[in-house]
$ cat work29.cif   # mmCIF, N, CA and C atoms and all ligand atoms
data_data
#
loop_
_atom_site.label_atom_id
_atom_site.label_comp_id
_atom_site.auth_asym_id
_atom_site.auth_seq_id
_atom_site.Cartn_x
_atom_site.Cartn_y
_atom_site.Cartn_z
N MET A 936 78.73 33.15 -24.30
CA MET A 936 78.08 33.82 -23.18
C MET A 936 78.35 35.30 -23.26
N ARG A 937 77.29 36.08 -23.21
CA ARG A 937 77.45 37.52 -23.19
C ARG A 937 76.73 38.06 -21.97
N VAL A 938 77.45 38.82 -21.19
CA VAL A 938 76.83 39.48 -20.04
C VAL A 938 77.03 40.98 -20.20
N THR A 939 75.94 41.69 -20.23
CA THR A 939 76.03 43.14 -20.37
C THR A 939 75.86 43.77 -18.99
N TYR A 940 76.84 44.55 -18.62
CA TYR A 940 76.78 45.21 -17.32
C TYR A 940 76.16 46.59 -17.48
N CYS A 941 75.08 46.78 -16.79
CA CYS A 941 74.42 48.07 -16.86
C CYS A 941 75.08 49.01 -15.85
N CYS A 942 74.80 50.26 -16.00
CA CYS A 942 75.39 51.23 -15.08
C CYS A 942 74.72 51.14 -13.72
N GLY A 943 75.40 51.64 -12.72
CA GLY A 943 74.91 51.55 -11.35
C GLY A 943 73.59 52.26 -11.15
N ILE A 944 73.42 53.37 -11.86
CA ILE A 944 72.16 54.12 -11.72
C ILE A 944 71.00 53.29 -12.22
N LEU A 945 71.20 52.63 -13.37
CA LEU A 945 70.14 51.79 -13.91
C LEU A 945 69.82 50.66 -12.95
N ALA A 946 70.87 50.02 -12.41
CA ALA A 946 70.64 48.93 -11.47
C ALA A 946 69.82 49.40 -10.28
N THR A 947 70.12 50.60 -9.82
CA THR A 947 69.38 51.14 -8.68
C THR A 947 67.93 51.38 -9.05
N LEU A 948 67.72 51.92 -10.25
CA LEU A 948 66.35 52.19 -10.68
C LEU A 948 65.57 50.89 -10.83
N VAL A 949 66.23 49.88 -11.41
CA VAL A 949 65.56 48.59 -11.58
C VAL A 949 65.22 48.01 -10.22
N ALA A 950 66.18 48.11 -9.29
CA ALA A 950 65.98 47.54 -7.97
C ALA A 950 64.80 48.19 -7.26
N THR A 951 64.60 49.46 -7.50
CA THR A 951 63.52 50.16 -6.83
C THR A 951 62.25 50.18 -7.67
N GLY A 952 62.33 49.64 -8.90
CA GLY A 952 61.16 49.62 -9.76
C GLY A 952 60.78 51.01 -10.23
N ALA A 953 61.72 51.95 -10.20
CA ALA A 953 61.40 53.34 -10.47
C ALA A 953 61.71 53.75 -11.91
N PHE A 954 62.18 52.81 -12.73
CA PHE A 954 62.55 53.19 -14.09
C PHE A 954 61.32 53.59 -14.88
N ALA A 955 61.50 54.56 -15.77
CA ALA A 955 60.35 55.11 -16.48
C ALA A 955 60.19 54.55 -17.88
N GLN A 956 61.29 54.10 -18.48
CA GLN A 956 61.19 53.58 -19.84
C GLN A 956 62.04 52.32 -19.96
N PRO A 957 61.72 51.47 -20.95
CA PRO A 957 62.44 50.21 -21.07
C PRO A 957 63.92 50.42 -21.34
N PRO A 958 64.78 49.82 -20.55
CA PRO A 958 66.21 49.87 -20.84
C PRO A 958 66.51 49.02 -22.07
N ASN A 959 67.74 49.02 -22.49
CA ASN A 959 68.10 48.34 -23.73
C ASN A 959 68.24 46.83 -23.60
N GLY A 960 68.20 46.35 -22.39
CA GLY A 960 68.34 44.92 -22.21
C GLY A 960 69.65 44.55 -21.59
N GLY A 961 69.84 43.24 -21.40
CA GLY A 961 71.06 42.76 -20.78
C GLY A 961 70.81 42.33 -19.35
N CYS A 962 71.86 41.78 -18.75
CA CYS A 962 71.74 41.26 -17.40
C CYS A 962 72.76 41.94 -16.50
N ASP A 963 72.37 42.16 -15.27
CA ASP A 963 73.22 42.85 -14.30
C ASP A 963 73.29 42.04 -13.00
N PRO A 964 74.49 41.58 -12.63
CA PRO A 964 74.63 40.79 -11.41
C PRO A 964 74.85 41.66 -10.18
N ALA A 965 73.85 42.42 -9.80
CA ALA A 965 74.00 43.33 -8.66
C ALA A 965 73.42 42.70 -7.39
N ASN A 966 74.07 42.97 -6.29
CA ASN A 966 73.58 42.54 -4.98
C ASN A 966 73.34 41.04 -4.89
N GLY A 967 74.20 40.28 -5.56
CA GLY A 967 74.08 38.83 -5.48
C GLY A 967 72.92 38.24 -6.24
N GLN A 968 72.28 39.06 -7.09
CA GLN A 968 71.16 38.57 -7.89
C GLN A 968 71.37 39.00 -9.34
N LEU A 969 71.13 38.08 -10.26
CA LEU A 969 71.23 38.44 -11.67
C LEU A 969 69.86 38.93 -12.14
N THR A 970 69.83 40.15 -12.66
CA THR A 970 68.59 40.72 -13.17
C THR A 970 68.74 40.99 -14.65
N CYS A 971 67.85 40.41 -15.45
CA CYS A 971 67.88 40.56 -16.90
C CYS A 971 66.66 41.37 -17.32
N ILE A 972 66.92 42.36 -18.18
CA ILE A 972 65.89 43.32 -18.57
C ILE A 972 65.58 43.17 -20.06
N ALA A 973 64.32 43.29 -20.41
CA ALA A 973 63.93 43.33 -21.81
C ALA A 973 62.63 44.11 -21.93
N ALA A 974 62.32 44.52 -23.14
CA ALA A 974 61.05 45.21 -23.40
C ALA A 974 60.12 44.24 -24.12
N SER A 975 58.85 44.27 -23.76
CA SER A 975 57.87 43.43 -24.45
C SER A 975 57.42 44.13 -25.73
N GLU A 976 56.64 43.41 -26.52
CA GLU A 976 56.17 43.98 -27.79
C GLU A 976 55.36 45.24 -27.59
N SER A 977 54.58 45.30 -26.53
CA SER A 977 53.74 46.48 -26.32
C SER A 977 54.39 47.50 -25.41
N GLY A 978 55.66 47.28 -25.08
CA GLY A 978 56.41 48.29 -24.36
C GLY A 978 56.51 48.11 -22.86
N ARG A 979 56.04 46.97 -22.36
CA ARG A 979 56.28 46.69 -20.94
C ARG A 979 57.77 46.52 -20.71
N THR A 980 58.22 46.94 -19.56
CA THR A 980 59.58 46.61 -19.14
C THR A 980 59.51 45.32 -18.34
N LEU A 981 60.25 44.33 -18.82
CA LEU A 981 60.30 43.02 -18.16
C LEU A 981 61.61 42.93 -17.40
N SER A 982 61.51 42.64 -16.12
CA SER A 982 62.68 42.51 -15.26
C SER A 982 62.65 41.12 -14.63
N LEU A 983 63.59 40.29 -15.07
CA LEU A 983 63.63 38.90 -14.61
C LEU A 983 64.81 38.75 -13.64
N ARG A 984 64.49 38.43 -12.40
CA ARG A 984 65.52 38.38 -11.36
C ARG A 984 65.73 36.94 -10.86
N PHE A 985 67.00 36.55 -10.87
CA PHE A 985 67.37 35.23 -10.34
C PHE A 985 67.98 35.40 -8.95
N PRO A 986 67.86 34.39 -8.09
CA PRO A 986 68.30 34.53 -6.69
C PRO A 986 69.82 34.46 -6.51
N THR A 987 70.55 34.22 -7.59
CA THR A 987 72.01 34.14 -7.51
C THR A 987 72.63 35.07 -8.56
N ALA A 988 73.88 35.43 -8.35
CA ALA A 988 74.54 36.39 -9.23
C ALA A 988 74.82 35.82 -10.61
N SER A 989 74.91 34.49 -10.70
CA SER A 989 75.04 33.87 -12.01
C SER A 989 74.02 32.73 -12.09
N VAL A 990 73.56 32.50 -13.30
CA VAL A 990 72.56 31.46 -13.54
C VAL A 990 73.30 30.21 -14.02
N THR A 991 72.98 29.07 -13.43
CA THR A 991 73.65 27.82 -13.77
C THR A 991 72.61 26.75 -14.10
N LEU A 992 73.10 25.55 -14.39
CA LEU A 992 72.18 24.44 -14.68
C LEU A 992 71.34 24.09 -13.46
N ASP A 993 71.78 24.52 -12.27
CA ASP A 993 71.03 24.23 -11.04
C ASP A 993 69.92 25.24 -10.77
N THR A 994 69.92 26.35 -11.51
CA THR A 994 68.92 27.40 -11.27
C THR A 994 67.53 26.87 -11.63
N ALA A 995 66.59 27.03 -10.71
CA ALA A 995 65.25 26.48 -10.93
C ALA A 995 64.13 27.50 -10.79
N GLU A 996 64.48 28.72 -10.35
CA GLU A 996 63.41 29.70 -10.13
C GLU A 996 63.90 31.11 -10.42
N ALA A 997 62.92 31.96 -10.68
CA ALA A 997 63.19 33.37 -10.94
C ALA A 997 61.91 34.14 -10.67
N VAL A 998 62.03 35.46 -10.61
CA VAL A 998 60.85 36.31 -10.45
C VAL A 998 60.81 37.31 -11.60
N LEU A 999 59.69 37.34 -12.28
CA LEU A 999 59.49 38.27 -13.40
C LEU A 999 58.57 39.39 -12.92
N CYS A 1000 59.05 40.62 -13.02
CA CYS A 1000 58.22 41.79 -12.73
C CYS A 1000 58.05 42.59 -14.00
N SER A 1001 56.83 43.04 -14.25
CA SER A 1001 56.60 43.86 -15.44
C SER A 1001 56.01 45.19 -15.05
N GLN A 1002 56.40 46.21 -15.83
CA GLN A 1002 55.82 47.55 -15.69
C GLN A 1002 55.42 48.03 -17.08
N PRO A 1003 54.18 48.35 -17.34
CA PRO A 1003 53.05 48.20 -16.42
C PRO A 1003 52.80 46.73 -16.09
N ALA A 1004 52.13 46.49 -14.98
CA ALA A 1004 51.83 45.13 -14.55
C ALA A 1004 50.91 44.44 -15.55
N GLY A 1005 51.05 43.13 -15.66
CA GLY A 1005 50.18 42.35 -16.53
C GLY A 1005 49.99 40.97 -15.95
N THR A 1006 49.02 40.25 -16.51
CA THR A 1006 48.79 38.87 -16.07
C THR A 1006 49.64 37.94 -16.91
N LEU A 1007 50.64 37.35 -16.29
CA LEU A 1007 51.54 36.44 -17.00
C LEU A 1007 50.87 35.07 -17.10
N GLU A 1008 50.72 34.59 -18.32
CA GLU A 1008 50.04 33.31 -18.53
C GLU A 1008 51.01 32.17 -18.75
N LYS A 1009 52.17 32.47 -19.30
CA LYS A 1009 53.12 31.40 -19.62
C LYS A 1009 54.52 31.96 -19.69
N ALA A 1010 55.48 31.22 -19.16
CA ALA A 1010 56.90 31.55 -19.30
C ALA A 1010 57.56 30.31 -19.89
N GLU A 1011 58.01 30.47 -21.13
CA GLU A 1011 58.44 29.32 -21.93
C GLU A 1011 59.94 29.41 -22.19
N LEU A 1012 60.64 28.32 -21.93
CA LEU A 1012 62.08 28.29 -22.17
C LEU A 1012 62.38 27.87 -23.59
N TRP A 1013 63.37 28.55 -24.19
CA TRP A 1013 63.77 28.21 -25.54
C TRP A 1013 65.25 28.49 -25.71
N MET A 1014 65.91 27.60 -26.43
CA MET A 1014 67.31 27.83 -26.78
C MET A 1014 67.46 27.72 -28.28
N SER A 1015 67.89 28.81 -28.89
CA SER A 1015 68.16 28.80 -30.32
C SER A 1015 69.54 28.21 -30.56
N MET A 1016 69.63 27.28 -31.50
CA MET A 1016 70.91 26.67 -31.83
C MET A 1016 71.01 26.63 -33.34
N GLY A 1017 71.68 27.63 -33.91
CA GLY A 1017 71.75 27.72 -35.36
C GLY A 1017 70.37 27.94 -35.94
N ASP A 1018 70.01 27.15 -36.95
CA ASP A 1018 68.70 27.27 -37.57
C ASP A 1018 67.63 26.56 -36.75
N GLU A 1019 68.06 25.82 -35.76
CA GLU A 1019 67.11 25.04 -34.98
C GLU A 1019 67.08 25.54 -33.55
N GLY A 1020 66.53 24.74 -32.71
CA GLY A 1020 66.47 25.11 -31.32
C GLY A 1020 65.68 24.07 -30.57
N HIS A 1021 65.58 24.27 -29.27
CA HIS A 1021 64.81 23.33 -28.46
C HIS A 1021 64.30 24.04 -27.22
N GLY A 1022 63.27 23.50 -26.66
CA GLY A 1022 62.72 24.06 -25.44
C GLY A 1022 63.15 23.27 -24.23
N SER A 1023 62.36 23.36 -23.20
CA SER A 1023 62.58 22.61 -21.97
C SER A 1023 61.21 22.30 -21.41
N GLY A 1024 61.15 21.80 -20.22
CA GLY A 1024 59.86 21.45 -19.63
C GLY A 1024 59.05 22.69 -19.28
N PRO A 1025 57.76 22.50 -19.02
CA PRO A 1025 56.90 23.64 -18.66
C PRO A 1025 57.29 24.20 -17.29
N THR A 1026 57.15 25.51 -17.16
CA THR A 1026 57.41 26.16 -15.88
C THR A 1026 56.10 26.38 -15.14
N THR A 1027 56.22 26.68 -13.87
CA THR A 1027 55.05 27.02 -13.07
C THR A 1027 55.06 28.53 -12.80
N LEU A 1028 53.89 29.10 -12.59
CA LEU A 1028 53.76 30.52 -12.30
C LEU A 1028 52.96 30.72 -11.03
N ALA A 1029 53.40 31.65 -10.21
CA ALA A 1029 52.65 32.01 -9.01
C ALA A 1029 52.70 33.53 -8.84
N PRO A 1030 51.53 34.18 -8.72
CA PRO A 1030 51.52 35.64 -8.58
C PRO A 1030 52.13 36.08 -7.26
N GLN A 1031 52.94 37.15 -7.34
CA GLN A 1031 53.59 37.69 -6.15
C GLN A 1031 53.03 39.05 -5.76
N GLY A 1032 52.15 39.60 -6.59
CA GLY A 1032 51.65 40.95 -6.35
C GLY A 1032 52.59 41.98 -6.94
N GLY A 1033 52.08 43.17 -7.14
CA GLY A 1033 52.90 44.26 -7.65
C GLY A 1033 53.41 44.04 -9.05
N GLY A 1034 52.70 43.25 -9.84
CA GLY A 1034 53.14 42.98 -11.20
C GLY A 1034 54.25 41.95 -11.30
N CYS A 1035 54.47 41.20 -10.21
CA CYS A 1035 55.55 40.21 -10.19
C CYS A 1035 55.00 38.79 -10.10
N TRP A 1036 55.72 37.88 -10.77
CA TRP A 1036 55.32 36.48 -10.82
C TRP A 1036 56.53 35.60 -10.54
N ALA A 1037 56.34 34.65 -9.63
CA ALA A 1037 57.40 33.66 -9.39
C ALA A 1037 57.31 32.60 -10.47
N ILE A 1038 58.43 32.33 -11.12
CA ILE A 1038 58.52 31.29 -12.15
C ILE A 1038 59.29 30.13 -11.54
N GLY A 1039 58.67 28.96 -11.52
CA GLY A 1039 59.30 27.78 -10.94
C GLY A 1039 59.46 26.68 -11.96
N ASP A 1040 60.09 25.61 -11.54
CA ASP A 1040 60.35 24.44 -12.40
C ASP A 1040 61.16 24.80 -13.64
N ILE A 1041 62.01 25.81 -13.51
CA ILE A 1041 62.90 26.14 -14.62
C ILE A 1041 63.96 25.05 -14.74
N GLU A 1042 64.16 24.55 -15.95
CA GLU A 1042 65.21 23.56 -16.19
C GLU A 1042 66.05 23.98 -17.39
N PHE A 1043 67.18 24.60 -17.10
CA PHE A 1043 68.13 24.90 -18.17
C PHE A 1043 68.93 23.63 -18.43
N LEU A 1044 68.74 23.06 -19.58
CA LEU A 1044 69.32 21.74 -19.88
C LEU A 1044 70.76 21.83 -20.37
N MET A 1045 71.16 23.01 -20.80
CA MET A 1045 72.49 23.19 -21.40
C MET A 1045 73.04 24.55 -20.99
N HIS A 1046 74.37 24.65 -21.06
CA HIS A 1046 75.00 25.95 -20.92
C HIS A 1046 74.73 26.77 -22.18
N GLY A 1047 74.76 28.08 -22.04
CA GLY A 1047 74.58 28.96 -23.18
C GLY A 1047 73.47 29.96 -22.93
N THR A 1048 73.07 30.64 -23.97
CA THR A 1048 72.03 31.66 -23.84
C THR A 1048 70.66 31.03 -24.06
N TRP A 1049 69.83 31.19 -23.05
CA TRP A 1049 68.44 30.73 -23.14
C TRP A 1049 67.53 31.93 -23.27
N GLN A 1050 66.42 31.73 -23.96
CA GLN A 1050 65.37 32.73 -24.01
C GLN A 1050 64.25 32.28 -23.09
N ILE A 1051 63.70 33.22 -22.34
CA ILE A 1051 62.45 32.93 -21.64
C ILE A 1051 61.39 33.80 -22.27
N LYS A 1052 60.44 33.14 -22.92
CA LYS A 1052 59.39 33.83 -23.65
C LYS A 1052 58.20 34.03 -22.72
N MET A 1053 57.87 35.30 -22.51
CA MET A 1053 56.77 35.65 -21.60
C MET A 1053 55.50 35.91 -22.40
N HIS A 1054 54.43 35.26 -22.02
CA HIS A 1054 53.14 35.45 -22.68
C HIS A 1054 52.15 36.03 -21.68
N PHE A 1055 51.59 37.18 -22.02
CA PHE A 1055 50.63 37.83 -21.13
C PHE A 1055 49.20 37.59 -21.60
N ALA A 1056 48.27 37.71 -20.67
CA ALA A 1056 46.86 37.44 -20.95
C ALA A 1056 46.29 38.40 -21.99
N ASP A 1057 46.84 39.60 -22.10
CA ASP A 1057 46.32 40.57 -23.06
C ASP A 1057 46.95 40.41 -24.45
N GLY A 1058 47.73 39.33 -24.64
CA GLY A 1058 48.33 39.06 -25.95
C GLY A 1058 49.75 39.58 -26.09
N ASP A 1059 50.17 40.38 -25.14
CA ASP A 1059 51.53 40.91 -25.19
C ASP A 1059 52.54 39.77 -24.97
N GLN A 1060 53.70 39.92 -25.61
CA GLN A 1060 54.76 38.92 -25.47
C GLN A 1060 56.10 39.63 -25.33
N GLY A 1061 57.02 38.93 -24.72
CA GLY A 1061 58.38 39.46 -24.62
C GLY A 1061 59.35 38.34 -24.39
N VAL A 1062 60.60 38.58 -24.76
CA VAL A 1062 61.63 37.57 -24.61
C VAL A 1062 62.77 38.14 -23.77
N VAL A 1063 63.13 37.41 -22.72
CA VAL A 1063 64.26 37.79 -21.90
C VAL A 1063 65.39 36.79 -22.14
N ASN A 1064 66.55 37.29 -22.52
CA ASN A 1064 67.70 36.43 -22.76
C ASN A 1064 68.48 36.22 -21.46
N VAL A 1065 68.86 34.98 -21.20
CA VAL A 1065 69.53 34.64 -19.95
C VAL A 1065 70.80 33.82 -20.24
N PRO A 1066 71.95 34.30 -19.79
CA PRO A 1066 73.17 33.52 -19.95
C PRO A 1066 73.28 32.45 -18.87
N VAL A 1067 73.35 31.20 -19.29
CA VAL A 1067 73.44 30.09 -18.33
C VAL A 1067 74.88 29.57 -18.34
N GLN A 1068 75.53 29.62 -17.19
CA GLN A 1068 76.95 29.26 -17.08
C GLN A 1068 77.10 27.83 -16.58
CU CU B 1101 70.77 23.79 -26.39
#
$ encode --input "work29.cif" --output "structure tokens" --more "lines below"
Ligand SMILES: [Cu+2]
Amino acid sequence: MRVTYCCGILATLVATGAFAQPPNGGCDPANGQLTCIAASESGRTLSLRFPTASVTLDTAEAVLCSQPAGTLEKAELWMSMGDEGHGSGPTTLAPQGGGCWAIGDIEFLMHGTWQIKMHFADGDQGVVNVPVQ
């Protein structure tokens, strides 16, 4: 398990959606919510926020916000394990407005680092890494 703590200024910018360029990634457990940041292939900043400060096997939902906003078509769970890996069940998506999407039916089947692969309608993709405790 790796948790990268971002600086307070970055956390504030992420919280306000005011960041101008993609941060380097990692997860920040600020204000009782774990927020994981990644950049998509085309340069969107992906901010995935969980309702609790740590993500566990019980975690079932999250909110993905992207800047610039895009139409999220699929959020796919994947866990790499050596040369192999495995997925999980399909998630549900519901638009929240403002470039944000509620992701439901998340099932982290194991402890460890999971990837959530984001697929946008314009072909853009991105992967957010999530430490599951
Ligand atoms: Cu696994």
$ closest_atom_pairs --input "work29.cif" --of "chain A" --to "ligand CU 1101 (chain B)" --cutoff "7 Å" --atoms "only N, CA and C atoms and all ligand atoms" --output "tab-separated table"
residue	atom	partner	partner_atom	distance
A:Met1014	CA	B:CU1101	CU	5.3
A:Ser1015	C	B:CU1101	CU	6.2
A:Met1016	CA	B:CU1101	CU	6.2
A:Gly1020	C	B:CU1101	CU	6.6
A:His1021	N	B:CU1101	CU	6.0
A:Leu1044	C	B:CU1101	CU	6.3
A:Met1045	CA	B:CU1101	CU	5.3
A:His1046	N	B:CU1101	CU	6.5
$ residues_near_point --input "work29.cif" --point "(54.1, 32.6, -19.0)" --cutoff "6 Å" --atoms "only N, CA and C atoms" --output "ChimeraX atom specification"
/A:1007-1011,1052-1054
$ closest_residue --input "work29.cif" --among "A:Asn966, A:Asp1057, A:Glu996, A:Ser977" --to "Gly1039 (chain A)" --atoms "only N, CA and C atoms"
A:Glu996
$ residues_around --input "work29.cif" --residues "Val1063 (chain A)" --least-positions-apart "6" --cutoff "7 Å" --atoms "only N, CA and C atoms" --output "ChimeraX atom specification"
/A:971-973,1049-1053
$ residues_near_point --input "work29.cif" --point "(69.9, 39.9, -8.3)" --cutoff "6.5 Å" --atoms "only N, CA and C atoms" --output "ChimeraX atom specification"
/A:963-970,984-988
$ atom_distance --input "work29.cif" --atom1 "atom N of Ser989 (chain A)" --atom2 "CA of Val1065 (chain A)"
10.7 Å
$ residues_around --input "work29.cif" --residues "Phe1043 (chain A)" --least-positions-apart "6" --cutoff "6.5 Å" --atoms "only N, CA and C atoms" --output "tab-separated table (two decimals) with N, CA and C atoms, in the frame of the given file"
chain	number	residue	atom	x	y	z
A	991	THR	N	72.98	29.07	-13.43
A	991	THR	CA	73.65	27.82	-13.77
A	991	THR	C	72.61	26.75	-14.10
A	992	LEU	N	73.10	25.55	-14.39
A	992	LEU	CA	72.18	24.44	-14.68
A	992	LEU	C	71.34	24.09	-13.46
A	994	THR	N	69.92	26.35	-11.51
A	994	THR	CA	68.92	27.40	-11.27
A	994	THR	C	67.53	26.87	-11.63
$ select_by_dssp --input "work29.cif" --residues "region 975-1051 of chain A" --states "strand (DSSP E)" --output "PyMOL selection string"
chain A and resi 980-985+997-1002+1007-1016+1019-1022+1027-1032+1035-1039+1047-1051
$ select_by_dssp --input "work29.cif" --residues "chain A" --states "alpha helix (DSSP H)" --output "list in words"
Gly943, Ile944, Leu945, Ala946, Thr947, Leu948, Val949, Ala950 and Thr951 of chain A
$ closest_residue --input "work29.cif" --among "A:Pro1030, A:Ala995, A:Trp1013, A:Thr1048" --to "Val1067 (chain A)" --atoms "all atoms listed in the file"
A:Thr1048
$ atom_distance --input "work29.cif" --atom1 "CA of Thr1026 (chain A)" --atom2 "CA of Gly961 (chain A)"
22.0 Å
$ atom_distance --input "work29.cif" --atom1 "atom N of Ala1029 (chain A)" --atom2 "atom C of Phe1055 (chain A)"
13.5 Å
$ residues_around --input "work29.cif" --residues "Cys1000 (chain A)" --least-positions-apart "2" --cutoff "6.5 Å" --atoms "all atoms listed in the file" --output "list in words"
Thr980, Leu981, Ser982, Leu983, Arg984, Val998, Gln1002, Gly1033, Gly1034, Cys1035 and Trp1036 of chain A
$ closest_residue --input "work29.cif" --among "A:Ser1023, A:Ala974, A:Asp993, A:Leu999" --to "Ala1037 (chain A)" --atoms "all atoms listed in the file"
A:Leu999
$ closest_residue --input "work29.cif" --among "A:Pro1066, A:Arg979, A:Glu1042, A:Gly1022" --to "Cys962 (chain A)" --atoms "all atoms listed in the file"
A:Pro1066
